[in-house]
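Engineer: Structure file upload.cif (mmCIF, C-alpha atoms) is given on the next line.
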data_entry
loop_
_atom_site.group_PDB
_atom_site.id
_atom_site.type_symbol
_atom_site.label_atom_id
_atom_site.label_comp_id
_atom_site.auth_asym_id
_atom_site.auth_seq_id
_atom_site.Cartn_x
_atom_site.Cartn_y
_atom_site.Cartn_z
ATOM 1 C CA MET A 548 -30.019 -230.043 144.435
ATOM 2 C CA GLY A 549 -29.433 -233.767 144.736
ATOM 3 C CA THR A 550 -29.553 -235.817 141.574
ATOM 4 C CA ARG A 551 -29.783 -239.552 141.119
ATOM 5 C CA LEU A 552 -26.038 -239.913 140.487
ATOM 6 C CA LEU A 553 -24.992 -237.790 143.470
ATOM 7 C CA SER A 554 -27.442 -239.519 145.804
ATOM 8 C CA GLU A 555 -26.351 -242.996 144.682
ATOM 9 C CA HIS A 556 -22.729 -241.968 145.218
ATOM 10 C CA MET A 557 -23.510 -240.779 148.742
ATOM 11 C CA ILE A 558 -25.303 -244.037 149.602
ATOM 12 C CA LYS A 559 -22.472 -246.186 148.224
ATOM 13 C CA LYS A 560 -19.937 -244.152 150.187
ATOM 14 C CA GLN A 561 -21.945 -244.537 153.417
ATOM 15 C CA TYR A 562 -22.796 -248.217 152.812
ATOM 16 C CA PRO A 563 -19.906 -249.757 150.826
ATOM 17 C CA HIS A 564 -21.254 -253.268 151.447
ATOM 18 C CA LEU A 565 -24.211 -252.548 149.159
ATOM 19 C CA ARG A 566 -23.347 -254.107 145.830
ATOM 20 C CA TYR A 567 -26.142 -252.554 143.784
ATOM 21 C CA VAL A 568 -27.782 -249.193 144.365
ATOM 22 C CA ARG A 569 -30.183 -247.458 141.995
ATOM 23 C CA ILE A 570 -32.482 -244.526 142.671
ATOM 24 C CA HIS A 571 -35.437 -243.675 140.487
ATOM 25 C CA THR A 572 -37.810 -240.744 140.508
ATOM 26 C CA ASP A 573 -40.622 -239.811 138.190
ATOM 27 C CA GLY A 574 -41.448 -236.565 139.936
ATOM 28 C CA ASN A 575 -44.290 -235.967 142.368
ATOM 29 C CA ASN A 576 -41.707 -235.333 145.112
ATOM 30 C CA LYS A 577 -41.100 -239.089 145.489
ATOM 31 C CA ALA A 578 -38.106 -241.357 144.878
ATOM 32 C CA THR A 579 -37.395 -245.046 145.296
ATOM 33 C CA ILE A 580 -34.059 -246.471 146.382
ATOM 34 C CA TYR A 581 -33.340 -249.977 145.089
ATOM 35 C CA ALA A 582 -30.471 -251.867 146.710
ATOM 36 C CA TRP A 583 -28.879 -255.267 147.269
ATOM 37 C CA ASN A 584 -25.982 -256.351 149.430
ATOM 38 C CA ASP A 585 -23.238 -258.825 148.437
ATOM 39 C CA ASN A 586 -25.684 -261.701 148.973
ATOM 40 C CA LEU A 587 -28.190 -260.137 146.554
ATOM 41 C CA GLN A 588 -30.562 -259.412 149.416
ATOM 42 C CA LEU A 589 -31.932 -256.395 151.236
ATOM 43 C CA PRO A 590 -32.703 -257.286 154.862
ATOM 44 C CA ASP A 591 -35.245 -255.235 156.804
ATOM 45 C CA LYS A 592 -32.480 -253.699 158.922
ATOM 46 C CA GLU A 593 -30.827 -252.345 155.733
ATOM 47 C CA ILE A 594 -34.151 -250.914 154.559
ATOM 48 C CA THR A 595 -34.492 -249.066 157.866
ATOM 49 C CA LYS A 596 -30.926 -247.722 157.644
ATOM 50 C CA LEU A 597 -31.419 -246.543 154.053
ATOM 51 C CA LYS A 598 -34.698 -244.784 154.901
ATOM 52 C CA LYS A 599 -33.039 -243.029 157.825
ATOM 53 C CA PHE A 600 -30.043 -242.015 155.706
ATOM 54 C CA ALA A 601 -32.260 -240.746 152.882
ATOM 55 C CA SER A 602 -34.382 -238.632 155.215
ATOM 56 C CA GLY A 603 -31.283 -237.108 156.816
ATOM 57 C CA TYR A 604 -28.857 -236.640 153.930
ATOM 58 C CA LEU A 605 -30.713 -236.702 150.630
ATOM 59 C CA PRO A 606 -33.042 -233.896 149.453
ATOM 60 C CA GLN A 607 -35.466 -233.235 152.308
ATOM 61 C CA HIS A 608 -38.577 -232.451 150.255
ATOM 62 C CA VAL A 609 -38.642 -235.945 148.749
ATOM 63 C CA CYS A 610 -40.590 -238.890 150.168
ATOM 64 C CA TYR A 611 -38.362 -241.987 149.888
ATOM 65 C CA GLN A 612 -39.223 -245.624 149.778
ATOM 66 C CA VAL A 613 -36.692 -248.457 149.739
ATOM 67 C CA LYS A 614 -37.091 -251.663 147.776
ATOM 68 C CA SER A 615 -35.066 -254.717 146.903
ATOM 69 C CA TYR A 616 -33.012 -254.264 143.709
ATOM 70 C CA ASP A 617 -34.859 -257.068 141.933
ATOM 71 C CA LYS A 618 -38.005 -254.871 141.847
ATOM 72 C CA ILE A 619 -36.451 -252.579 139.203
ATOM 73 C CA GLU A 620 -37.821 -254.533 136.266
ATOM 74 C CA ALA A 621 -41.329 -254.882 137.681
ATOM 75 C CA ASP A 622 -41.363 -251.136 138.492
ATOM 76 C CA ARG A 623 -40.216 -250.346 134.924
ATOM 77 C CA VAL A 624 -37.243 -248.289 136.012
ATOM 78 C CA PRO A 625 -35.437 -247.017 132.895
ATOM 79 C CA GLN A 626 -32.007 -248.414 132.198
ATOM 80 C CA VAL A 627 -29.005 -246.150 132.552
ATOM 81 C CA GLY A 628 -26.600 -245.819 129.644
ATOM 82 C CA GLU A 629 -23.378 -243.966 128.957
ATOM 83 C CA LEU A 630 -23.558 -240.254 129.673
ATOM 84 C CA PRO A 631 -21.505 -237.318 128.397
ATOM 85 C CA GLU A 632 -18.946 -236.040 130.902
ATOM 86 C CA ALA A 633 -20.746 -232.673 131.078
ATOM 87 C CA VAL A 634 -23.907 -234.430 132.299
ATOM 88 C CA VAL A 635 -22.018 -236.499 134.885
ATOM 89 C CA GLN A 636 -20.139 -233.460 136.209
ATOM 90 C CA ALA A 637 -23.335 -231.421 136.482
ATOM 91 C CA ALA A 638 -25.203 -234.300 138.156
ATOM 92 C CA MET A 639 -22.437 -234.731 140.734
ATOM 93 C CA SER A 640 -22.374 -231.009 141.558
ATOM 94 C CA ARG A 641 -23.973 -229.955 144.812
ATOM 95 C CA GLY A 642 -24.596 -226.485 143.375
ATOM 96 C CA LEU A 643 -26.754 -227.569 140.455
ATOM 97 C CA ASN A 644 -29.738 -225.315 139.731
ATOM 98 C CA GLN A 645 -32.081 -224.619 136.807
ATOM 99 C CA ASN A 646 -29.593 -222.169 135.263
ATOM 100 C CA ARG A 647 -26.839 -224.788 135.225
ATOM 101 C CA ILE A 648 -29.248 -227.397 133.825
ATOM 102 C CA VAL A 649 -30.091 -225.032 130.953
ATOM 103 C CA GLU A 650 -26.403 -224.227 130.419
ATOM 104 C CA VAL A 651 -25.430 -227.917 130.182
ATOM 105 C CA MET A 652 -28.257 -228.728 127.787
ATOM 106 C CA ASN A 653 -27.416 -225.755 125.576
ATOM 107 C CA GLU A 654 -23.772 -226.898 125.446
ATOM 108 C CA LEU A 655 -24.847 -230.386 124.379
ATOM 109 C CA PHE A 656 -27.502 -229.373 121.834
ATOM 110 C CA SER A 657 -26.196 -226.413 119.884
ATOM 111 C CA ASN A 658 -28.942 -226.543 117.240
ATOM 112 C CA GLY A 659 -31.499 -225.187 119.716
ATOM 113 C CA ARG A 660 -31.824 -222.947 122.725
ATOM 114 C CA MET A 661 -33.296 -224.221 125.990
ATOM 115 C CA THR A 662 -34.790 -221.859 128.536
ATOM 116 C CA PHE A 663 -36.334 -222.417 131.954
ATOM 117 C CA ASN A 664 -40.078 -221.842 131.853
ATOM 118 C CA SER A 665 -41.557 -222.718 135.265
ATOM 119 C CA TYR A 666 -41.614 -225.115 138.203
ATOM 120 C CA ASP A 667 -44.769 -226.808 139.450
ATOM 121 C CA MET A 668 -44.216 -227.444 143.174
ATOM 122 C CA ILE A 669 -47.271 -229.687 143.482
ATOM 123 C CA THR A 670 -46.185 -232.202 140.827
ATOM 124 C CA GLY A 671 -42.454 -231.546 141.119
ATOM 125 C CA THR A 672 -42.232 -230.803 137.393
ATOM 126 C CA ILE A 673 -39.660 -228.451 135.883
ATOM 127 C CA HIS A 674 -40.868 -227.011 132.582
ATOM 128 C CA PHE A 675 -38.401 -226.024 129.877
ATOM 129 C CA ASP A 676 -38.800 -224.579 126.396
ATOM 130 C CA LEU A 677 -36.450 -225.749 123.658
ATOM 131 C CA CYS A 678 -36.617 -223.714 120.470
ATOM 132 C CA SER A 679 -34.822 -224.415 117.228
ATOM 133 C CA SER A 680 -35.068 -223.416 113.595
ATOM 134 C CA VAL A 681 -35.085 -227.114 112.658
ATOM 135 C CA PRO A 682 -37.184 -229.838 114.287
ATOM 136 C CA PHE A 683 -35.486 -232.186 116.731
ATOM 137 C CA THR A 684 -35.343 -235.825 115.678
ATOM 138 C CA VAL A 685 -36.848 -238.612 117.774
ATOM 139 C CA MET A 686 -33.327 -239.703 118.719
ATOM 140 C CA GLU A 687 -32.361 -236.174 119.825
ATOM 141 C CA LYS A 688 -35.534 -235.911 121.909
ATOM 142 C CA GLU A 689 -34.702 -239.228 123.591
ATOM 143 C CA LEU A 690 -31.180 -238.008 124.420
ATOM 144 C CA ILE A 691 -32.607 -234.760 125.793
ATOM 145 C CA ARG A 692 -35.016 -236.753 127.969
ATOM 146 C CA ARG A 693 -32.222 -239.032 129.241
ATOM 147 C CA TYR A 694 -29.837 -236.176 130.006
ATOM 148 C CA LEU A 695 -32.490 -234.130 131.766
ATOM 149 C CA TYR A 696 -33.416 -237.193 133.829
ATOM 150 C CA GLU A 697 -29.831 -237.299 135.109
ATOM 151 C CA ILE A 698 -29.495 -233.607 135.953
ATOM 152 C CA THR A 699 -32.982 -233.066 137.333
ATOM 153 C CA PRO A 700 -33.129 -233.221 141.136
ATOM 154 C CA LEU A 701 -34.622 -236.209 142.924
ATOM 155 C CA GLY A 702 -38.350 -235.860 143.365
ATOM 156 C CA ALA A 703 -38.691 -233.758 140.233
ATOM 157 C CA ALA A 704 -39.457 -234.504 136.606
ATOM 158 C CA SER A 705 -38.739 -232.478 133.494
ATOM 159 C CA GLU A 706 -41.037 -231.574 130.659
ATOM 160 C CA VAL A 707 -39.831 -229.955 127.459
ATOM 161 C CA ASN A 708 -41.970 -227.838 125.176
ATOM 162 C CA TYR A 709 -40.389 -228.031 121.720
ATOM 163 C CA CYS A 710 -40.956 -224.987 119.556
ATOM 164 C CA GLN A 711 -39.759 -224.107 116.095
ATOM 165 C CA GLU A 712 -38.381 -220.647 115.412
ATOM 166 C CA PRO A 713 -39.040 -219.019 112.056
ATOM 167 C CA VAL A 714 -36.198 -219.244 109.527
ATOM 168 C CA GLY A 715 -34.861 -216.185 107.738
ATOM 169 C CA ASP A 716 -35.292 -212.457 108.154
ATOM 170 C CA ASP A 717 -39.047 -212.465 107.736
ATOM 171 C CA LYS A 718 -40.715 -210.015 110.083
ATOM 172 C CA PRO A 719 -43.985 -210.945 111.734
ATOM 173 C CA ALA A 720 -46.979 -209.485 109.932
ATOM 174 C CA ASP A 721 -47.859 -207.155 112.804
ATOM 175 C CA LEU A 722 -44.469 -205.421 112.571
ATOM 176 C CA ILE A 723 -44.697 -204.543 108.859
#
If you convert what's in this file into structure tokens, what do you get?

Structural biologist:
Amino acid sequence: MGTRLLSEHMIKKQYPHLRYVRIHTDGNNKATIYAWNDNLQLPDKEITKLKKFASGYLPQHVCYQVKSYDKIEADRVPQVGELPEAVVQAAMSRGLNQNRIVEVMNELFSNGRMTFNSYDMITGTIHFDLCSSVPFTVMEKELIRRYLYEITPLGAASEVNYCQEPVGDDKPADLI
């Protein structure tokens, strides 16, 4: 599975003259590549090369478009911040799958347990459940969203269903 970080790395390696490269996906089997060269431009010939590279070397099920880097703000592409090493390593792995995504998230958030729920091929949405005995804070939910964004394959989006597990040894009423 190709993530944003791995795909950007591959583009920069193939086209070292590109000064800025950013890929964004919000699911729906689509992704946008934003780029600029050293002159802060993206000529039509570079757009053609990037489209050809993306269709040949990046995840095949994704429909790519290429835009000038200055379109990031207008397209409301989220900013990228510092990431834990576990997230970066997973995102750069060519063998990443839903089991590894769950494993990484469970390592990072020990106060809950994430499980894979389902994948919607039409919308490109991976559904996870994250259960905990204590509610997740707004800040924790934001970190979970950011980390999943980085380790979710291009063309896909992640949705998390947060659930709260009962506390204590209480047995459900139907088992008494």

Engineer: Once the PyMOL selection byres ((chain A and resi 630) around 10) is applied to the coordinates I shared, what remains selected? I want it as a PyMOL selection string.

Structural biologist: chain A and resi 627-629+631-635+690+693-694+697

Engineer: Translate the PyMOL selection byres ((chain A and resi 649-659) around 10), as applied to the file shown, into an explicit residue set as a PyMOL selection string.

Structural biologist: chain A and resi 631+633-634+636-637+644-648+660-663+675-683+687+690-691+694-695+698+709-712

Engineer: So that I can check the surroundings of segment 561-574 of chain A, please list as a ChimeraX atom specification every protein, DNA and RNA residue that reaches within 8 Å of it, counting all atoms listed in the file and ignoring chain neighbours fewer than 6 positions away.

Structural biologist: /A:551,554-555,580-585,587,616,624,670-672,701-704

Engineer: Give me a file of those residues, with C-alpha atoms, as a PDB file, in the frame of the given file.

Structural biologist:
ATOM      1  CA  ARG A 551     -29.783-239.552 141.119  1.00  0.00           C
ATOM      2  CA  SER A 554     -27.442-239.519 145.804  1.00  0.00           C
ATOM      3  CA  GLU A 555     -26.351-242.996 144.682  1.00  0.00           C
ATOM      4  CA  ILE A 580     -34.059-246.471 146.382  1.00  0.00           C
ATOM      5  CA  TYR A 581     -33.340-249.977 145.089  1.00  0.00           C
ATOM      6  CA  ALA A 582     -30.471-251.867 146.710  1.00  0.00           C
ATOM      7  CA  TRP A 583     -28.879-255.267 147.269  1.00  0.00           C
ATOM      8  CA  ASN A 584     -25.982-256.351 149.430  1.00  0.00           C
ATOM      9  CA  ASP A 585     -23.238-258.825 148.437  1.00  0.00           C
ATOM     10  CA  LEU A 587     -28.190-260.137 146.554  1.00  0.00           C
ATOM     11  CA  TYR A 616     -33.012-254.264 143.709  1.00  0.00           C
ATOM     12  CA  VAL A 624     -37.243-248.289 136.012  1.00  0.00           C
ATOM     13  CA  THR A 670     -46.185-232.202 140.827  1.00  0.00           C
ATOM     14  CA  GLY A 671     -42.454-231.546 141.119  1.00  0.00           C
ATOM     15  CA  THR A 672     -42.232-230.803 137.393  1.00  0.00           C
ATOM     16  CA  LEU A 701     -34.622-236.209 142.924  1.00  0.00           C
ATOM     17  CA  GLY A 702     -38.350-235.860 143.365  1.00  0.00           C
ATOM     18  CA  ALA A 703     -38.691-233.758 140.233  1.00  0.00           C
ATOM     19  CA  ALA A 704     -39.457-234.504 136.606  1.00  0.00           C
TER      20      ALA A 704
END

Engineer: Could you give me the axis-aligned bounding box of segment 685-697 of chain A, with 5 Å of padding per side, as centre plus edge lengths in Å to one decimal, as lines of an AutoDock Vina configuration file?

Structural biologist:
center_x = -33.3
center_y = -236.9
center_z = 126.4
size_x = 17.0
size_y = 15.6
size_z = 27.3

Engineer: Could you work out how far atom CA of Met639 of chain A lies from atom CA of Ser615 of chain A, giving the answer in Å with one decimal?

Structural biologist: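 For atom CA of Ser615 of chain A relative to atom CA of Met639 of chain A, the distance reads 24.4 Å.
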
Engineer: For a quick check of understanding, using only C-alpha atoms, which of A:His556, A:Arg623, A:His674, A:Lys614 has the smallest distance to Thr699 of chain A?

Structural biologist: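 Of the candidates, the smallest distance to Thr699 of chain A is held by A:His674.
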
Engineer: Quick one, how far is atom CA of Asn575 of chain A from atom CA of Cys610 of chain A?

Structural biologist: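 Computed distance, atom CA of Asn575 of chain A to atom CA of Cys610 of chain A, equals 9.1 Å.
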
Engineer: For atom CA of Ala638 of chain A and atom CA of Leu553 of chain A, quote the distance in Å rounded to one decimal.

Structural biologist: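 Computing it gives 6.4 Å between the two atoms.
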
Engineer: From the options A:Glu706, A:Asp622, A:Asp591, A:Glu689, which residue's atoms come nearest to Thr579 of chain A, counting only C-alpha atoms?

Structural biologist: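 When distances to Thr579 of chain A are compared using only C-alpha atoms, the smallest one comes from A:Asp622.
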
Engineer: Could you list, as a VMD selection string, every residue within 12 Å of Ser602 of chain A, counting only C-alpha atoms and ignoring same-chain residues fewer than 2 positions away?

Structural biologist: chain A and resid 554 558 577 to 578 580 595 to 600 604 to 613

Engineer: Could you tell me which of A:Pro700, A:Pro590, A:Gly642, A:Pro713 comes closest to Thr550 of chain A if we count all atoms listed in the file?

Structural biologist: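 Once distances to Thr550 of chain A are computed over all atoms listed in the file, the minimum belongs to A:Pro700.
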
Engineer: Write out all heavy atoms for segment 583-594 of chain A, as a tab-separated table (two decimals), in the coordinates of the input.

Structural biologist:
chain	number	residue	atom	x	y	z
A	583	TRP	N	-29.21	-253.89	146.90
A	583	TRP	CA	-28.88	-255.27	147.27
A	583	TRP	C	-27.50	-255.27	147.91
A	583	TRP	O	-26.61	-254.52	147.50
A	583	TRP	CB	-28.80	-256.16	146.03
A	583	TRP	CG	-30.02	-256.95	145.71
A	583	TRP	CD1	-31.14	-257.12	146.44
A	583	TRP	CD2	-30.22	-257.69	144.49
A	583	TRP	NE1	-32.03	-257.92	145.77
A	583	TRP	CE2	-31.49	-258.28	144.58
A	583	TRP	CE3	-29.46	-257.90	143.36
A	583	TRP	CZ2	-32.01	-259.09	143.57
A	583	TRP	CZ3	-29.97	-258.68	142.35
A	583	TRP	CH2	-31.23	-259.28	142.46
A	584	ASN	N	-27.31	-256.17	148.85
A	584	ASN	CA	-25.98	-256.35	149.43
A	584	ASN	C	-25.21	-257.40	148.63
A	584	ASN	O	-25.65	-257.82	147.55
A	584	ASN	CB	-26.09	-256.73	150.92
A	584	ASN	CG	-26.82	-258.03	151.14
A	584	ASN	OD1	-26.95	-258.87	150.25
A	584	ASN	ND2	-27.32	-258.21	152.36
A	585	ASP	N	-24.06	-257.83	149.14
A	585	ASP	CA	-23.24	-258.82	148.44
A	585	ASP	C	-23.94	-260.16	148.24
A	585	ASP	O	-23.60	-260.93	147.35
A	585	ASP	CB	-21.92	-259.05	149.19
A	585	ASP	CG	-20.95	-257.89	148.98
A	585	ASP	OD1	-21.02	-257.24	147.91
A	585	ASP	OD2	-20.12	-257.64	149.87
A	586	ASN	N	-24.93	-260.45	149.07
A	586	ASN	CA	-25.68	-261.70	148.97
A	586	ASN	C	-26.94	-261.55	148.11
A	586	ASN	O	-27.81	-262.43	148.14
A	586	ASN	CB	-26.08	-262.19	150.37
A	586	ASN	CG	-24.88	-262.51	151.22
A	586	ASN	OD1	-23.85	-262.97	150.72
A	586	ASN	ND2	-24.97	-262.23	152.50
A	587	LEU	N	-27.04	-260.44	147.40
A	587	LEU	CA	-28.19	-260.14	146.55
A	587	LEU	C	-29.49	-260.15	147.36
A	587	LEU	O	-30.50	-260.70	146.94
A	587	LEU	CB	-28.26	-261.08	145.35
A	587	LEU	CG	-27.01	-261.16	144.48
A	587	LEU	CD1	-27.22	-262.12	143.33
A	587	LEU	CD2	-26.57	-259.80	143.99
A	588	GLN	N	-29.41	-259.52	148.52
A	588	GLN	CA	-30.56	-259.41	149.42
A	588	GLN	C	-30.63	-258.00	149.97
A	588	GLN	O	-29.65	-257.25	149.92
A	588	GLN	CB	-30.43	-260.40	150.58
A	588	GLN	CG	-30.41	-261.85	150.16
A	588	GLN	CD	-30.15	-262.76	151.35
A	588	GLN	OE1	-29.68	-262.33	152.40
A	588	GLN	NE2	-30.47	-264.03	151.18
A	589	LEU	N	-31.76	-257.67	150.53
A	589	LEU	CA	-31.93	-256.40	151.24
A	589	LEU	C	-32.73	-256.66	152.51
A	589	LEU	O	-33.97	-256.59	152.51
A	589	LEU	CB	-32.64	-255.36	150.35
A	589	LEU	CG	-32.70	-253.95	150.94
A	589	LEU	CD1	-31.30	-253.36	151.10
A	589	LEU	CD2	-33.57	-253.06	150.08
A	590	PRO	N	-32.02	-257.00	153.59
A	590	PRO	CA	-32.70	-257.29	154.86
A	590	PRO	C	-33.44	-256.06	155.39
A	590	PRO	O	-33.11	-254.92	155.07
A	590	PRO	CB	-31.56	-257.67	155.81
A	590	PRO	CG	-30.38	-257.94	154.95
A	590	PRO	CD	-30.58	-257.16	153.69
A	591	ASP	N	-34.44	-256.31	156.22
A	591	ASP	CA	-35.24	-255.24	156.80
A	591	ASP	C	-34.39	-254.20	157.53
A	591	ASP	O	-34.69	-253.00	157.48
A	591	ASP	CB	-36.29	-255.80	157.77
A	591	ASP	CG	-37.41	-256.53	157.04
A	591	ASP	OD1	-37.59	-256.29	155.83
A	591	ASP	OD2	-38.11	-257.34	157.69
A	592	LYS	N	-33.34	-254.64	158.18
A	592	LYS	CA	-32.48	-253.70	158.92
A	592	LYS	C	-31.79	-252.74	157.95
A	592	LYS	O	-31.60	-251.57	158.26
A	592	LYS	CB	-31.52	-254.49	159.81
A	592	LYS	CG	-30.09	-254.25	159.70
A	592	LYS	CD	-29.29	-255.10	160.65
A	592	LYS	CE	-27.97	-255.42	159.99
A	592	LYS	NZ	-27.07	-256.19	160.77
A	593	GLU	N	-31.44	-253.21	156.75
A	593	GLU	CA	-30.83	-252.34	155.73
A	593	GLU	C	-31.85	-251.35	155.18
A	593	GLU	O	-31.53	-250.20	154.91
A	593	GLU	CB	-30.24	-253.17	154.58
A	593	GLU	CG	-29.03	-253.98	154.95
A	593	GLU	CD	-27.82	-253.12	155.33
A	593	GLU	OE1	-27.69	-251.99	154.85
A	593	GLU	OE2	-27.01	-253.60	156.14
A	594	ILE	N	-33.08	-251.80	155.03
A	594	ILE	CA	-34.15	-250.91	154.56
A	594	ILE	C	-34.32	-249.76	155.55
A	594	ILE	O	-34.39	-248.59	155.15
A	594	ILE	CB	-35.47	-251.69	154.37
A	594	ILE	CG1	-35.35	-252.65	153.19
A	594	ILE	CG2	-36.65	-250.74	154.19
A	594	ILE	CD1	-36.52	-253.59	153.02
